[in-house]
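> Got a structure for you, start08.cif, holding mmCIF, C-alpha atoms.
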```
data_final
loop_
_atom_site.label_atom_id
_atom_site.label_comp_id
_atom_site.auth_asym_id
_atom_site.auth_seq_id
_atom_site.Cartn_x
_atom_site.Cartn_y
_atom_site.Cartn_z
CA MET W 27 -1.12 -90.04 -115.45
CA SER W 28 -4.89 -89.98 -115.29
CA SER W 29 -6.92 -88.83 -118.27
CA MET W 30 -9.27 -85.89 -118.27
CA GLU W 31 -12.26 -88.10 -117.51
CA PRO W 32 -13.35 -87.54 -113.87
CA ASP W 33 -13.60 -90.43 -111.43
CA GLU W 34 -17.27 -89.67 -110.85
CA SER W 35 -19.97 -89.93 -113.50
CA ASP W 36 -21.56 -86.81 -114.95
CA THR W 37 -24.60 -87.31 -112.72
CA THR W 38 -22.44 -86.66 -109.65
CA GLN W 39 -21.06 -83.38 -110.95
CA PRO W 40 -22.17 -80.16 -109.23
CA ALA W 41 -25.77 -79.33 -110.11
CA ALA W 42 -24.73 -76.07 -111.75
CA LEU W 43 -22.75 -78.03 -114.33
CA ARG W 44 -25.37 -80.49 -115.47
CA GLY W 45 -26.83 -79.47 -118.81
CA ARG W 46 -24.06 -76.97 -119.56
CA ASP W 47 -21.97 -79.13 -121.88
CA ARG W 48 -23.79 -77.92 -124.99
CA GLN W 49 -24.28 -74.35 -123.85
CA ARG W 50 -23.05 -71.76 -126.28
CA VAL W 51 -23.33 -68.05 -125.63
CA LYS W 52 -25.26 -66.74 -122.65
CA GLY W 53 -25.53 -63.16 -121.42
CA GLY W 54 -22.83 -61.97 -123.80
CA ALA W 55 -20.26 -64.50 -122.63
CA THR W 56 -18.03 -66.08 -125.26
CA LEU W 57 -17.67 -69.81 -125.81
CA SER W 58 -14.25 -69.73 -124.16
CA ASP W 59 -15.73 -67.91 -121.14
CA GLU W 60 -18.44 -70.54 -120.76
CA LEU W 61 -15.95 -73.38 -121.09
CA LYS W 62 -13.53 -71.73 -118.68
CA ASP W 63 -16.30 -71.38 -116.06
CA THR W 64 -17.36 -75.00 -116.50
CA LEU W 65 -13.82 -76.37 -116.24
CA GLU W 66 -13.11 -74.11 -113.27
CA ASP W 67 -16.15 -75.53 -111.45
CA LEU W 68 -15.03 -79.08 -112.22
CA ILE W 69 -11.54 -78.36 -110.91
CA VAL W 70 -12.37 -76.48 -107.71
CA SER W 71 -15.09 -79.02 -106.81
CA GLY W 72 -12.58 -81.87 -107.17
CA VAL W 73 -14.33 -83.62 -110.05
CA LEU W 74 -11.18 -82.99 -112.12
CA LYS W 75 -8.41 -83.72 -109.64
CA PRO W 76 -4.89 -82.22 -109.43
CA GLY W 77 -2.67 -83.87 -112.03
CA THR W 78 -5.55 -84.82 -114.33
CA ARG W 79 -4.49 -84.39 -117.96
CA LEU W 80 -6.59 -82.04 -120.09
CA ASP W 81 -6.48 -83.03 -123.72
CA GLU W 82 -7.63 -80.37 -126.19
CA ALA W 83 -9.14 -82.89 -128.60
CA GLU W 84 -11.08 -84.69 -125.85
CA LEU W 85 -12.37 -81.41 -124.42
CA SER W 86 -13.38 -80.21 -127.87
CA GLU W 87 -15.33 -83.41 -128.49
CA ARG W 88 -16.91 -83.53 -125.04
CA PHE W 89 -18.20 -79.95 -125.12
CA LYS W 90 -18.91 -79.89 -128.87
CA VAL W 91 -16.77 -76.83 -129.60
CA SER W 92 -13.73 -76.16 -131.78
CA ARG W 93 -10.24 -76.24 -130.33
CA THR W 94 -9.90 -72.44 -130.34
CA PRO W 95 -12.23 -71.75 -127.36
CA VAL W 96 -10.74 -74.78 -125.60
CA ARG W 97 -7.25 -73.36 -125.99
CA GLU W 98 -8.38 -69.92 -124.83
CA ALA W 99 -10.16 -71.39 -121.80
CA LEU W 100 -7.08 -73.37 -120.77
CA LYS W 101 -4.88 -70.28 -121.08
CA ALA W 102 -7.31 -68.32 -118.90
CA LEU W 103 -7.28 -71.08 -116.29
CA ALA W 104 -3.48 -71.18 -116.40
CA ALA W 105 -3.44 -67.45 -115.61
CA THR W 106 -5.35 -68.17 -112.38
CA GLY W 107 -3.03 -71.04 -111.46
CA LEU W 108 -5.65 -73.77 -111.83
CA VAL W 109 -4.07 -75.30 -114.94
CA ASP W 110 -0.44 -76.12 -115.71
CA LEU W 111 0.31 -75.71 -119.42
CA ARG W 112 3.76 -77.23 -119.14
CA SER W 113 3.52 -80.04 -116.61
CA ARG W 114 6.51 -82.26 -115.91
CA GLN W 115 4.62 -85.18 -117.40
CA GLY W 116 4.05 -83.21 -120.59
CA GLY W 117 0.86 -81.70 -121.91
CA VAL W 118 -1.76 -79.68 -120.06
CA CYS W 119 -2.87 -80.81 -116.59
CA VAL W 120 -4.90 -79.62 -113.66
CA ALA W 121 -2.27 -77.86 -111.56
CA ARG W 122 -0.80 -79.38 -108.43
CA ILE W 123 0.35 -77.20 -105.52
CA SER W 124 3.60 -78.07 -103.79
CA LEU W 125 3.19 -78.77 -100.08
CA PRO W 126 5.38 -75.82 -98.95
CA MET W 127 3.31 -73.47 -101.12
CA LEU W 128 0.08 -75.05 -99.88
CA ILE W 129 1.10 -74.34 -96.29
CA GLU W 130 1.89 -70.73 -97.23
CA MET W 131 -1.54 -70.44 -98.83
CA PHE W 132 -3.25 -71.66 -95.67
CA GLN W 133 -1.24 -69.16 -93.64
CA MET W 134 -2.27 -66.35 -95.98
CA MET W 135 -5.89 -67.54 -95.87
CA ALA W 136 -5.79 -67.27 -92.06
CA VAL W 137 -4.74 -63.61 -92.21
CA MET W 138 -7.17 -62.68 -94.98
CA GLU W 139 -10.16 -64.37 -93.32
CA GLY W 140 -9.11 -62.76 -90.05
CA LEU W 141 -9.27 -59.35 -91.70
CA CYS W 142 -12.68 -60.15 -93.20
CA ALA W 143 -13.97 -61.11 -89.75
CA LYS W 144 -12.43 -57.98 -88.22
CA PHE W 145 -14.17 -55.72 -90.72
CA ALA W 146 -17.40 -57.69 -90.35
CA ALA W 147 -17.36 -57.01 -86.60
CA ARG W 148 -17.19 -53.29 -87.42
CA ARG W 149 -19.35 -53.06 -90.53
CA ALA W 150 -21.77 -55.98 -90.81
CA THR W 151 -25.44 -55.06 -91.08
CA GLU W 152 -28.08 -56.81 -89.01
CA ALA W 153 -29.24 -58.60 -92.15
CA GLN W 154 -25.71 -59.86 -92.82
CA LYS W 155 -25.35 -61.07 -89.23
CA ALA W 156 -28.70 -62.82 -89.51
CA ARG W 157 -27.56 -64.53 -92.72
CA MET W 158 -24.43 -65.87 -91.01
CA SER W 159 -26.45 -67.02 -88.01
CA ALA W 160 -28.91 -68.87 -90.23
CA LEU W 161 -26.11 -70.63 -92.07
CA HIS W 162 -24.43 -71.53 -88.78
CA ASP W 163 -27.68 -73.06 -87.51
CA GLU W 164 -28.08 -74.94 -90.79
CA LEU W 165 -24.55 -76.35 -90.50
CA THR W 166 -25.31 -77.55 -86.97
CA SER W 167 -28.42 -79.36 -88.19
CA ILE W 168 -26.60 -80.86 -91.17
CA LEU W 169 -23.82 -82.17 -88.94
CA ALA W 170 -26.40 -83.94 -86.78
CA SER W 171 -27.94 -85.51 -89.88
CA GLY W 172 -24.57 -86.78 -91.12
CA ASP W 173 -24.88 -85.26 -94.60
CA HIS W 174 -21.20 -84.52 -95.06
CA SER W 175 -21.39 -83.42 -98.68
CA ARG W 176 -24.12 -80.90 -97.86
CA PHE W 177 -22.06 -79.69 -94.88
CA TYR W 178 -19.17 -78.85 -97.18
CA ASP W 179 -21.42 -76.84 -99.52
CA VAL W 180 -23.10 -74.85 -96.73
CA ASN W 181 -19.72 -74.28 -95.11
CA GLN W 182 -18.70 -72.55 -98.35
CA ASP W 183 -21.83 -70.40 -98.06
CA PHE W 184 -20.93 -69.42 -94.49
CA HIS W 185 -17.50 -68.19 -95.54
CA ASP W 186 -18.97 -66.33 -98.51
CA ALA W 187 -21.38 -64.64 -96.11
CA LEU W 188 -18.44 -63.66 -93.91
CA TYR W 189 -16.65 -62.04 -96.84
CA GLU W 190 -19.86 -60.25 -97.80
CA ALA W 191 -20.31 -59.03 -94.22
CA SER W 192 -16.84 -57.48 -94.26
CA ASN W 193 -18.25 -54.90 -96.69
CA THR W 194 -14.92 -54.69 -98.49
CA HIS W 195 -14.16 -54.93 -102.18
CA TYR W 196 -10.56 -55.89 -102.90
CA LEU W 197 -10.10 -57.90 -99.70
CA ALA W 198 -13.26 -59.96 -100.22
CA GLU W 199 -12.41 -60.55 -103.88
CA GLN W 200 -8.86 -61.70 -103.16
CA THR W 201 -9.96 -63.90 -100.25
CA ARG W 202 -12.50 -65.65 -102.48
CA ALA W 203 -9.86 -66.13 -105.18
CA LEU W 204 -7.38 -67.73 -102.78
CA ARG W 205 -10.04 -69.90 -101.20
CA LYS W 206 -11.04 -71.11 -104.66
CA ARG W 207 -7.40 -71.89 -105.46
CA VAL W 208 -7.03 -74.23 -102.47
CA ARG W 209 -10.63 -75.46 -102.38
CA VAL W 210 -9.98 -78.96 -103.65
CA TYR W 211 -7.21 -79.44 -101.06
CA ARG W 212 -9.27 -77.91 -98.28
CA ARG W 213 -11.99 -80.43 -99.06
CA TYR W 214 -9.68 -83.23 -97.92
CA VAL W 215 -9.21 -81.48 -94.56
CA THR W 216 -12.95 -80.85 -94.11
CA PHE W 217 -13.71 -84.57 -94.32
CA GLN W 218 -11.08 -85.61 -91.78
CA PRO W 219 -12.57 -87.20 -88.60
CA GLY W 220 -13.71 -84.59 -86.09
CA ARG W 221 -13.07 -81.58 -88.33
CA MET W 222 -16.74 -80.81 -89.00
CA THR W 223 -17.57 -80.87 -85.30
CA ALA W 224 -14.64 -78.56 -84.62
CA THR W 225 -15.78 -76.25 -87.43
CA ILE W 226 -19.11 -75.64 -85.67
CA GLY W 227 -17.37 -74.39 -82.54
CA GLU W 228 -14.86 -72.29 -84.48
CA HIS W 229 -17.59 -70.68 -86.59
CA GLY W 230 -19.53 -70.02 -83.40
CA ALA W 231 -16.61 -68.09 -81.94
CA ILE W 232 -16.30 -65.95 -85.09
CA LEU W 233 -20.03 -65.26 -85.16
CA ASP W 234 -20.17 -64.41 -81.45
CA ALA W 235 -17.38 -61.85 -81.83
CA ILE W 236 -19.10 -60.25 -84.83
CA ARG W 237 -22.39 -60.05 -82.92
CA ARG W 238 -20.57 -58.31 -80.04
CA ASN W 239 -18.88 -55.91 -82.48
CA ASP W 240 -15.48 -57.02 -81.20
CA PRO W 241 -13.01 -56.69 -84.12
CA LYS W 242 -10.00 -58.14 -82.28
CA ALA W 243 -11.87 -61.20 -81.05
CA ALA W 244 -13.32 -61.75 -84.53
CA PHE W 245 -9.87 -61.46 -86.12
CA ASP W 246 -8.35 -63.91 -83.61
CA ALA W 247 -11.22 -66.40 -83.93
CA ALA W 248 -11.03 -66.45 -87.74
CA ILE W 249 -7.25 -66.87 -87.70
CA ASP W 250 -7.58 -69.70 -85.17
CA HIS W 251 -10.17 -71.39 -87.40
CA VAL W 252 -7.98 -71.45 -90.52
CA SER W 253 -4.81 -72.14 -88.50
CA LEU W 254 -6.44 -75.20 -86.98
CA LEU W 255 -7.26 -76.31 -90.52
CA GLU W 256 -3.57 -75.88 -91.27
CA ASP W 257 -2.75 -78.05 -88.25
CA ASP W 258 -4.59 -80.85 -90.07
CA ILE W 259 -2.06 -80.59 -92.91
CA VAL W 260 -0.48 -83.90 -91.86
CA ASP W 261 -3.77 -85.65 -92.58
CA LEU W 262 -3.97 -83.76 -95.86
CA ILE W 263 -0.49 -84.93 -96.85
CA ALA W 264 -1.49 -88.51 -96.06
CA ALA W 265 -4.63 -88.20 -98.19
CA LEU W 266 -2.72 -86.73 -101.11
CA SER W 267 -0.01 -89.37 -100.85
CA GLU W 268 -2.65 -92.12 -100.92
CA GLN W 269 -4.23 -90.54 -104.02
CA ASP W 270 -0.88 -90.38 -105.81
CA THR W 271 -0.15 -93.99 -104.92
CA GLY W 272 -3.51 -95.09 -106.29
CA ALA W 273 -2.97 -93.17 -109.53
CA SER W 274 0.48 -94.61 -110.19
#
```
Write out the structure in this file as structure tokens.

Amino acid sequence: MSSMEPDESDTTQPAALRGRDRQRVKGGATLSDELKDTLEDLIVSGVLKPGTRLDEAELSERFKVSRTPVREALKALAATGLVDLRSRQGGVCVARISLPMLIEMFQMMAVMEGLCAKFAARRATEAQKARMSALHDELTSILASGDHSRFYDVNQDFHDALYEASNTHYLAEQTRALRKRVRVYRRYVTFQPGRMTATIGEHGAILDAIRRNDPKAAFDAAIDHVSLLEDDIVDLIAALSEQDTGAS
């Protein structure tokens, strides 16, 4: 089992994380809240990979806090499903998702994103449509430049803009939560050969339907987009299997 130390150095962590290790209380947040947010970012970005062991003493030393906020942060992360407090290997680990459950999650994501697109086609403001268009154009330029890491980040922004354009509350919140839950796994799929090129076309179909105020076409295009990601699950399984082999 791997330790809590990420494969990458701290300098390759998401920019939002750098300089936060010694942060205490900000905007009324407690120490455990700050630590929970930091660990959550490390997990969903893939810096701390599924199966990575999270040792209370190591976390306490790394972030210069007592064990109490560490324990509270881990419990909060366990409540969201990101951390397993009772892993089969013993101790606390970044949670793994079984492959059958992962497939179910992708299927649910397809429906939820479809609904977001459907509502966006009915409710999106011109400013929200313009935001999605700008992000789509940026993704196209990034793909041409070959900056794959940047593509992944802006792709996240495009989907966030879609949820915002749905002008819903509960649906958008739950869609973001599920996307966050599978984000590290979805990252594997994004970097498979040809997937980024396909994403441009699939996003274009969603955006075109929203511009035409066609809810059904938007719903179908968004479902097709996530379903095609699910079709890449074989490549995902291969990537995960290779990771597990390397860690053993």
> Can you pull out the residues contacting Val180 in chain W? Cut-off 12 Å, using all atoms listed in the file, and skip same-chain residues under 3 positions away; I want them as a list in words.
Arg157, Met158, Ala160, Leu161, His162, Asp163, Glu164, Leu165, Thr166, Ser167, Ile168, Leu169, Asp173, His174, Ser175, Arg176, Phe177, Asp183, Phe184, His185, Asp186, Ala187, Met222, Thr225 and Ile226 of chain W
> What is the CA of Lys206 in chain W to CA of Ser71 in chain W distance in Å?
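It comes out at 9.1 Å.
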> If you apply the PyMOL selection byres ((chain W and resi 188-199) around 8) to this file, what residues do you get, as a list in words?
Met138, Glu139, Cys142, Ala143, Lys144, Phe145, Ala146, Ala147, Arg149, Ala150, Thr151, Gln154, Lys155, Met158, Phe184, His185, Asp186, Ala187, Gln200, Thr201, Arg202 and Ala203 of chain W
> Would you kindly translate the PyMOL selection byres ((chain W and resi 117-126) around 7) into the concrete residues it picks from this file, as a list in words?
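Answer for the PyMOL selection byres ((chain W and resi 117-126) around 7): Lys75, Pro76, Gly77, Thr78, Arg79, Leu80, Asp81, Gly107, Leu108, Val109, Asp110, Leu111, Arg112, Ser113, Gln115, Gly116, Met127, Leu128, Ile129 and Glu130 of chain W.
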> Please compute the CA of Val215 in chain W-CA of Ile236 in chain W distance, one decimal, in Å.
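If I compute the distance from CA of Val215 in chain W to CA of Ile236 in chain W, I get 25.4 Å.
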> In Å, rounded to a single decimal, give me how far CA of Glu152 in chain W is from CA of Glu228 in chain W.
20.9 Å
> Rank W:Asp250, W:Glu60, W:Glu84, W:Asp67 by their smallest atom-to-atom distance to His229 in chain W, using only C-alpha atoms, and report the top residue only.
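Once distances to His229 in chain W are computed over only C-alpha atoms, the minimum belongs to W:Asp250.
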> Care to translate the PyMOL selection byres ((chain W and resi 245) around 7) into actual residues of this file, as a list in words?
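On this input, the PyMOL selection byres ((chain W and resi 245) around 7) captures Gly140, Leu141, Ala143, Lys144, Pro241, Lys242, Ala243, Ala244, Asp246, Ala247, Ala248 and Ile249 of chain W.
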> Considering only C-alpha atoms, return as a compact mmCIF listing (two decimals) with C-alpha atoms, in the frame of the given file whatever protein or nucleic-acid residues lie within 6 Å of range 96-102 of chain W, sequence-local ones (same chain, fewer than 3 positions apart) excluded.

```
# COMPACT_ATOMS: atom_id res chain seq x y z
CA SER W 58 -14.25 -69.73 -124.16
CA LYS W 62 -13.53 -71.73 -118.68
CA ARG W 93 -10.24 -76.24 -130.33
CA ALA W 105 -3.44 -67.45 -115.61
```
> What are the centre and the three edge lengths of an axis-aligned box that wraps all atoms of range 145-151 of chain W in the file, given that 3 Å is added to every side, written as lines of an AutoDock Vina configuration file and rounded to one decimal in Å?

```
center_x = -19.8
center_y = -55.4
center_z = -88.8
size_x = 17.3
size_y = 10.6
size_z = 10.5
```
> Please, could N, CA and C atoms be added to range 64-100 of chain W and the result written as a PDB file, in the coordinates of the input?

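Saved to part-v2.pdb:
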```
ATOM      1  N   THR W  64     -17.007 -73.605-116.735  1.00  0.00           N
ATOM      2  CA  THR W  64     -17.360 -75.000-116.500  1.00  0.00           C
ATOM      3  C   THR W  64     -16.166 -75.803-115.998  1.00  0.00           C
ATOM      4  N   LEU W  65     -15.022 -75.651-116.659  1.00  0.00           N
ATOM      5  CA  LEU W  65     -13.820 -76.370-116.240  1.00  0.00           C
ATOM      6  C   LEU W  65     -13.365 -75.925-114.856  1.00  0.00           C
ATOM      7  N   GLU W  66     -13.494 -74.622-114.588  1.00  0.00           N
ATOM      8  CA  GLU W  66     -13.110 -74.110-113.270  1.00  0.00           C
ATOM      9  C   GLU W  66     -13.956 -74.760-112.184  1.00  0.00           C
ATOM     10  N   ASP W  67     -15.270 -74.880-112.419  1.00  0.00           N
ATOM     11  CA  ASP W  67     -16.150 -75.530-111.450  1.00  0.00           C
ATOM     12  C   ASP W  67     -15.759 -76.992-111.242  1.00  0.00           C
ATOM     13  N   LEU W  68     -15.430 -77.671-112.323  1.00  0.00           N
ATOM     14  CA  LEU W  68     -15.030 -79.080-112.220  1.00  0.00           C
ATOM     15  C   LEU W  68     -13.740 -79.235-111.435  1.00  0.00           C
ATOM     16  N   ILE W  69     -12.823 -78.281-111.591  1.00  0.00           N
ATOM     17  CA  ILE W  69     -11.540 -78.360-110.910  1.00  0.00           C
ATOM     18  C   ILE W  69     -11.685 -78.039-109.427  1.00  0.00           C
ATOM     19  N   VAL W  70     -12.307 -76.899-109.108  1.00  0.00           N
ATOM     20  CA  VAL W  70     -12.370 -76.480-107.710  1.00  0.00           C
ATOM     21  C   VAL W  70     -13.278 -77.381-106.881  1.00  0.00           C
ATOM     22  N   SER W  71     -14.222 -78.088-107.531  1.00  0.00           N
ATOM     23  CA  SER W  71     -15.090 -79.020-106.810  1.00  0.00           C
ATOM     24  C   SER W  71     -14.437 -80.390-106.636  1.00  0.00           C
ATOM     25  N   GLY W  72     -13.291 -80.604-107.306  1.00  0.00           N
ATOM     26  CA  GLY W  72     -12.580 -81.870-107.170  1.00  0.00           C
ATOM     27  C   GLY W  72     -13.015 -82.942-108.132  1.00  0.00           C
ATOM     28  N   VAL W  73     -13.933 -82.633-109.050  1.00  0.00           N
ATOM     29  CA  VAL W  73     -14.330 -83.620-110.050  1.00  0.00           C
ATOM     30  C   VAL W  73     -13.135 -83.916-110.973  1.00  0.00           C
ATOM     31  N   LEU W  74     -12.459 -82.852-111.413  1.00  0.00           N
ATOM     32  CA  LEU W  74     -11.180 -82.990-112.120  1.00  0.00           C
ATOM     33  C   LEU W  74     -10.082 -82.745-111.093  1.00  0.00           C
ATOM     34  N   LYS W  75      -9.349 -83.781-110.740  1.00  0.00           N
ATOM     35  CA  LYS W  75      -8.410 -83.720-109.640  1.00  0.00           C
ATOM     36  C   LYS W  75      -7.037 -83.181-110.073  1.00  0.00           C
ATOM     37  N   PRO W  76      -6.243 -82.672-109.115  1.00  0.00           N
ATOM     38  CA  PRO W  76      -4.890 -82.220-109.430  1.00  0.00           C
ATOM     39  C   PRO W  76      -4.106 -83.314-110.161  1.00  0.00           C
ATOM     40  N   GLY W  77      -3.445 -82.927-111.243  1.00  0.00           N
ATOM     41  CA  GLY W  77      -2.670 -83.870-112.030  1.00  0.00           C
ATOM     42  C   GLY W  77      -3.433 -84.485-113.194  1.00  0.00           C
ATOM     43  N   THR W  78      -4.768 -84.281-113.229  1.00  0.00           N
ATOM     44  CA  THR W  78      -5.550 -84.820-114.330  1.00  0.00           C
ATOM     45  C   THR W  78      -5.162 -84.150-115.641  1.00  0.00           C
ATOM     46  N   ARG W  79      -4.890 -84.951-116.664  1.00  0.00           N
ATOM     47  CA  ARG W  79      -4.490 -84.390-117.960  1.00  0.00           C
ATOM     48  C   ARG W  79      -5.710 -83.854-118.695  1.00  0.00           C
ATOM     49  N   LEU W  80      -5.530 -82.693-119.328  1.00  0.00           N
ATOM     50  CA  LEU W  80      -6.590 -82.040-120.090  1.00  0.00           C
ATOM     51  C   LEU W  80      -6.208 -82.025-121.555  1.00  0.00           C
ATOM     52  N   ASP W  81      -6.802 -82.900-122.304  1.00  0.00           N
ATOM     53  CA  ASP W  81      -6.480 -83.030-123.720  1.00  0.00           C
ATOM     54  C   ASP W  81      -7.404 -82.144-124.550  1.00  0.00           C
ATOM     55  N   GLU W  82      -6.834 -81.303-125.385  1.00  0.00           N
ATOM     56  CA  GLU W  82      -7.630 -80.370-126.190  1.00  0.00           C
ATOM     57  C   GLU W  82      -8.662 -81.093-127.057  1.00  0.00           C
ATOM     58  N   ALA W  83      -8.232 -82.164-127.708  1.00  0.00           N
ATOM     59  CA  ALA W  83      -9.140 -82.890-128.600  1.00  0.00           C
ATOM     60  C   ALA W  83     -10.301 -83.503-127.822  1.00  0.00           C
ATOM     61  N   GLU W  84     -10.021 -84.086-126.663  1.00  0.00           N
ATOM     62  CA  GLU W  84     -11.080 -84.690-125.850  1.00  0.00           C
ATOM     63  C   GLU W  84     -12.052 -83.631-125.340  1.00  0.00           C
ATOM     64  N   LEU W  85     -11.509 -82.483-124.897  1.00  0.00           N
ATOM     65  CA  LEU W  85     -12.370 -81.410-124.420  1.00  0.00           C
ATOM     66  C   LEU W  85     -13.238 -80.860-125.545  1.00  0.00           C
ATOM     67  N   SER W  86     -12.645 -80.710-126.708  1.00  0.00           N
ATOM     68  CA  SER W  86     -13.380 -80.210-127.870  1.00  0.00           C
ATOM     69  C   SER W  86     -14.536 -81.138-128.215  1.00  0.00           C
ATOM     70  N   GLU W  87     -14.292 -82.435-128.176  1.00  0.00           N
ATOM     71  CA  GLU W  87     -15.330 -83.410-128.490  1.00  0.00           C
ATOM     72  C   GLU W  87     -16.392 -83.452-127.398  1.00  0.00           C
ATOM     73  N   ARG W  88     -15.969 -83.424-126.159  1.00  0.00           N
ATOM     74  CA  ARG W  88     -16.910 -83.530-125.040  1.00  0.00           C
ATOM     75  C   ARG W  88     -17.877 -82.353-125.007  1.00  0.00           C
ATOM     76  N   PHE W  89     -17.363 -81.135-125.232  1.00  0.00           N
ATOM     77  CA  PHE W  89     -18.200 -79.950-125.120  1.00  0.00           C
ATOM     78  C   PHE W  89     -18.703 -79.441-126.470  1.00  0.00           C
ATOM     79  N   LYS W  90     -18.398 -80.203-127.531  1.00  0.00           N
ATOM     80  CA  LYS W  90     -18.910 -79.890-128.870  1.00  0.00           C
ATOM     81  C   LYS W  90     -18.545 -78.466-129.314  1.00  0.00           C
ATOM     82  N   VAL W  91     -17.275 -78.131-129.152  1.00  0.00           N
ATOM     83  CA  VAL W  91     -16.770 -76.830-129.600  1.00  0.00           C
ATOM     84  C   VAL W  91     -15.465 -77.072-130.356  1.00  0.00           C
ATOM     85  N   SER W  92     -15.011 -76.038-131.075  1.00  0.00           N
ATOM     86  CA  SER W  92     -13.730 -76.160-131.780  1.00  0.00           C
ATOM     87  C   SER W  92     -12.591 -76.047-130.767  1.00  0.00           C
ATOM     88  N   ARG W  93     -11.377 -76.279-131.238  1.00  0.00           N
ATOM     89  CA  ARG W  93     -10.240 -76.240-130.330  1.00  0.00           C
ATOM     90  C   ARG W  93      -9.873 -74.820-129.905  1.00  0.00           C
ATOM     91  N   THR W  94     -10.283 -73.818-130.675  1.00  0.00           N
ATOM     92  CA  THR W  94      -9.900 -72.440-130.340  1.00  0.00           C
ATOM     93  C   THR W  94     -10.439 -72.004-128.979  1.00  0.00           C
ATOM     94  N   PRO W  95     -11.750 -72.126-128.698  1.00  0.00           N
ATOM     95  CA  PRO W  95     -12.230 -71.750-127.360  1.00  0.00           C
ATOM     96  C   PRO W  95     -11.654 -72.635-126.262  1.00  0.00           C
ATOM     97  N   VAL W  96     -11.366 -73.903-126.582  1.00  0.00           N
ATOM     98  CA  VAL W  96     -10.740 -74.780-125.600  1.00  0.00           C
ATOM     99  C   VAL W  96      -9.375 -74.242-125.220  1.00  0.00           C
ATOM    100  N   ARG W  97      -8.592 -73.883-126.233  1.00  0.00           N
ATOM    101  CA  ARG W  97      -7.250 -73.360-125.990  1.00  0.00           C
ATOM    102  C   ARG W  97      -7.300 -72.063-125.192  1.00  0.00           C
ATOM    103  N   GLU W  98      -8.256 -71.196-125.534  1.00  0.00           N
ATOM    104  CA  GLU W  98      -8.380 -69.920-124.830  1.00  0.00           C
ATOM    105  C   GLU W  98      -8.805 -70.138-123.371  1.00  0.00           C
ATOM    106  N   ALA W  99      -9.706 -71.100-123.156  1.00  0.00           N
ATOM    107  CA  ALA W  99     -10.160 -71.390-121.800  1.00  0.00           C
ATOM    108  C   ALA W  99      -9.018 -71.929-120.945  1.00  0.00           C
ATOM    109  N   LEU W 100      -8.199 -72.808-121.515  1.00  0.00           N
ATOM    110  CA  LEU W 100      -7.080 -73.370-120.770  1.00  0.00           C
ATOM    111  C   LEU W 100      -6.046 -72.302-120.433  1.00  0.00           C
TER     112      LEU W 100
END
```
